[in-house]
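Following: one structure in structure tokens, then a few remarks.
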Amino acid sequence: MDWLYILMPISGVTIFWPGLIILGIGVGIIGGFFGMGGAWMVTPGLNILGFPMAFAIGTDIAHMAGKSLISTMRHGKFGNVDYRLGLIMLVGTIIGFEVGAQMIMWLERLGKVELYVRWMYIILLTLIAWMVFADVAKKKKKERESMARGEEIDKLATGIEWHKTLHKLKIPPMVHFKEAQVYCTVWLPIFVSFLTGWLAGILGIGGGLIRMPALIYFVGCPTHVAVGTDLFEVMISGLYGAATYTYKGRTELVAAIIMLVGAAMGAQVGTVATKYIKGYGIRIAFGLAVIGCGISVVMKLLPRYIPSWKVAMDASSTVLILGLVAALSLYILVRMLQGAKQEITAKKGQA
Amino acid sequence: MKKHWKSIMAWMGMLTLLLPELVLAAAEKASLMVIVADTRKLTGWEAWWANLYNESHLYFTIVTVISIPVIGLLFGILADLVMRNIGIDLSSRELAEH
């Protein structure tokens with residue numbers, strides 16, 4: 001079975017290459033569907049496959065750039081990418097990221113920062129999950145009320161509508177984002193992206209997990225456009241990240257390409273699935289992913305208080321994340337196949 | 001309004017060009033330790049690739065950064081062809097809801 005293993009020329013380790021493809025498919029599906037890079041899912045997977053940590057982050061970012069490019073292309077054709085919004089937000093993200101990064105370095109000198117950052121991450125994930133499910137509950141309540149009044153349910157209705165209040169701010173210049181169907185002050189996306197970039201900088205994450213819901217709830221993007229626009233940002237920051245990590249000698253391109261084979265298929269599946277799953281379906285699945293991510297962070301934090309749990313918690317959090325990736329990928333794949341089948345049947349019926 | 005918009009975009013573009021060094025600055029800093037690829041057991045393209053890594057991280061980076069989007073694009077087009085053959089409409093989506 002030697003043919004199932006490949007030697008990584010830079011790191012010198014032998015890796016089970018089908019594992020890289022499977023991991024690529026999983027994160028490709030989830031990334032294309034939710035609009036995020038998914039570094040929090042890839043690192044434990046690479047660890048299990050025996051990848052040296054020195055190369056894990058760089059390799060992950062390199063494959064993420066390619067995967068996001070594929071997803072952005074597809075989302076762009078569906079009209080899900082607002083490039084103008086993406087470019088404006090990129091600036092806020094970059095500045096926010098650097099402010100957050102500098103702040104964390106300053107806090108590091110004061111000590112114990114890692115513990116506080118983890119707790120902050122948990123609080124943030126809890127808030128995001130609460131926001132998503134409160135939104136779903138509010139939308140359902142509105143639907144029930146409409147039905148009780150005998151009115152038709154508005155398909156465009158949303159639950160939480162904070163963006164409507166924020167759109168009332170008329171600070172010039174005002175901008176119209178065509179794909180996002182948003183007319184607001186240009187300072188709104190700049191401020192939101194600065195905030196999400198700042199949080200990502202502090203937490204040391206890519207930021208897709210925060211930016212996607214922020215685009216929905218604060219900027220007012222439809223879910224599909226939030227996913228596509230976020231991926232556009234992930235693509236650009238991923239390419240830059242790949243360049244910096246490779247220059248530091250921390251990227252194993254062979255592994256990134258193998259993962260990209262799987263991610264190319266996965267990204268297409270995830271992106272096409274957004275065609276068949278309603279905006280709120282995406283939001284609910286996203287909320288579940290956020291809860292899973294939050295639990296895994298708690299599991300990593302517990303051994304600080306109960307050191308004897310370290311081995312069990314590390315193993316459990318890896319199993320949880322990989323299980324979550326497998327379950328979500330399977331759900332998205334099945335929904336995509338069901339949708340495609342219906343579409344093809346309908347086409348045949350018309351012909 | 002158009003004038004404002006153009007100047008905003010110009011500023012945004014300039015900031016994006018000037019500040020890329022700052023992107024992902026908070027990501028875990030790679031250690032300063034120098035890693036050298038062991039080329040003794042490698043032959044062919046693997047040896048060439050590992051040698052490129054050992055000799056110049058700059059060229060290695062350029063090749064990597066060009067390869068990733070090109071490979072991504074190729075795989076993307078390939079997956080497109082497969083999906084089109086299956087009969088999935090890849091140019092539009094009917095949903096216009098939140």
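Letters A, B, ... mark the chains of the structure tokens in the order given; residue numbers begin at 1 per chain; ligand numbers begin at 1, in order shown.
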
- request: Compile the contact shell of stretch 40-44 of chain B as a VMD selection string: residues with an atom at most 12 Å away, counting only C-alpha atoms, same-chain residues fewer than 3 positions apart removed.
  value: (chain A and resid 7 to 10 12 to 13) or (chain B and resid 36 to 37 47 to 51)

Residue subset to file, keeping C-alpha atoms, as a short mmCIF file (atom, residue, chain, number, x, y, z; two decimals), in the first residue's frame:
data_model
loop_
_atom_site.label_atom_id
_atom_site.label_comp_id
_atom_site.auth_asym_id
_atom_site.auth_seq_id
_atom_site.Cartn_x
_atom_site.Cartn_y
_atom_site.Cartn_z
CA LEU A 7 6.82 12.05 0.38
CA MET A 8 6.58 15.77 1.04
CA PRO A 9 9.79 17.14 -0.53
CA ILE A 10 10.21 20.13 1.78
CA GLY A 12 10.48 15.32 4.45
CA VAL A 13 7.46 13.51 5.96
CA VAL B 36 16.34 23.12 5.18
CA ALA B 37 14.82 20.48 2.90
CA ALA B 47 14.81 17.33 -6.05
CA TRP B 48 14.39 20.43 -8.23
CA TRP B 49 11.59 21.71 -6.02
CA ALA B 50 13.45 21.07 -2.75
CA ASN B 51 16.60 22.69 -4.18
#

Give me the residues of chain A that have any atom at most 6 Å from an atom of chain B; for each, the nearest atom pair and the distance in Å, rounded to one decimal. Use only C-alpha atoms, sort by chain and number, and format it as JSON lines.
{"residue": "A:Pro9", "atom": "CA", "partner": "B:Ala50", "partner_atom": "CA", "distance": 5.8}
{"residue": "A:Ile10", "atom": "CA", "partner": "B:Ala37", "partner_atom": "CA", "distance": 4.8}
{"residue": "A:Gly66", "atom": "CA", "partner": "B:Gly72", "partner_atom": "CA", "distance": 4.6}
{"residue": "A:Ile70", "atom": "CA", "partner": "B:Gly76", "partner_atom": "CA", "distance": 5.3}
{"residue": "A:Lys77", "atom": "CA", "partner": "B:Ser91", "partner_atom": "CA", "distance": 5.5}
{"residue": "A:Phe78", "atom": "CA", "partner": "B:Ser92", "partner_atom": "CA", "distance": 4.9}
{"residue": "A:Val91", "atom": "CA", "partner": "B:Thr16", "partner_atom": "CA", "distance": 5.8}
{"residue": "A:Ile94", "atom": "CA", "partner": "B:Val23", "partner_atom": "CA", "distance": 5.5}
{"residue": "A:Glu98", "atom": "CA", "partner": "B:Leu22", "partner_atom": "CA", "distance": 5.7}
{"residue": "A:Ala101", "atom": "CA", "partner": "B:Ala26", "partner_atom": "CA", "distance": 4.4}
{"residue": "A:Leu156", "atom": "CA", "partner": "B:Glu97", "partner_atom": "CA", "distance": 5.1}
{"residue": "A:Gly201", "atom": "CA", "partner": "B:Ala26", "partner_atom": "CA", "distance": 5.1}
{"residue": "A:Gly204", "atom": "CA", "partner": "B:Ala27", "partner_atom": "CA", "distance": 4.9}
{"residue": "A:Pro222", "atom": "CA", "partner": "B:His98", "partner_atom": "CA", "distance": 4.5}
{"residue": "A:Thr223", "atom": "CA", "partner": "B:His98", "partner_atom": "CA", "distance": 5.5}
{"residue": "A:Ala243", "atom": "CA", "partner": "B:Thr61", "partner_atom": "CA", "distance": 5.9}
{"residue": "A:Thr246", "atom": "CA", "partner": "B:Thr61", "partner_atom": "CA", "distance": 5.3}
{"residue": "A:Tyr247", "atom": "CA", "partner": "B:His57", "partner_atom": "CA", "distance": 5.3}
{"residue": "A:Ala264", "atom": "CA", "partner": "B:Phe75", "partner_atom": "CA", "distance": 5.7}
{"residue": "A:Lys275", "atom": "CA", "partner": "B:Arg93", "partner_atom": "CA", "distance": 5.6}
{"residue": "A:Gly279", "atom": "CA", "partner": "B:His98", "partner_atom": "CA", "distance": 5.1}

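With atom CA of A:Leu115 on one side and atom CA of A:Tyr305 on the other, the separation reads 11.0 Å.
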
task: Considering only C-alpha atoms, return as number ranges by chain whatever protein or nucleic-acid residues lie within 9 Å of A:Lys67, sequence-local ones (same chain, fewer than 4 positions apart) excluded.
output: A: 24, 28, 31-32, 37, 62-63, 71-72, 235, 260, 263-264, 266-267; B: 69, 72, 76
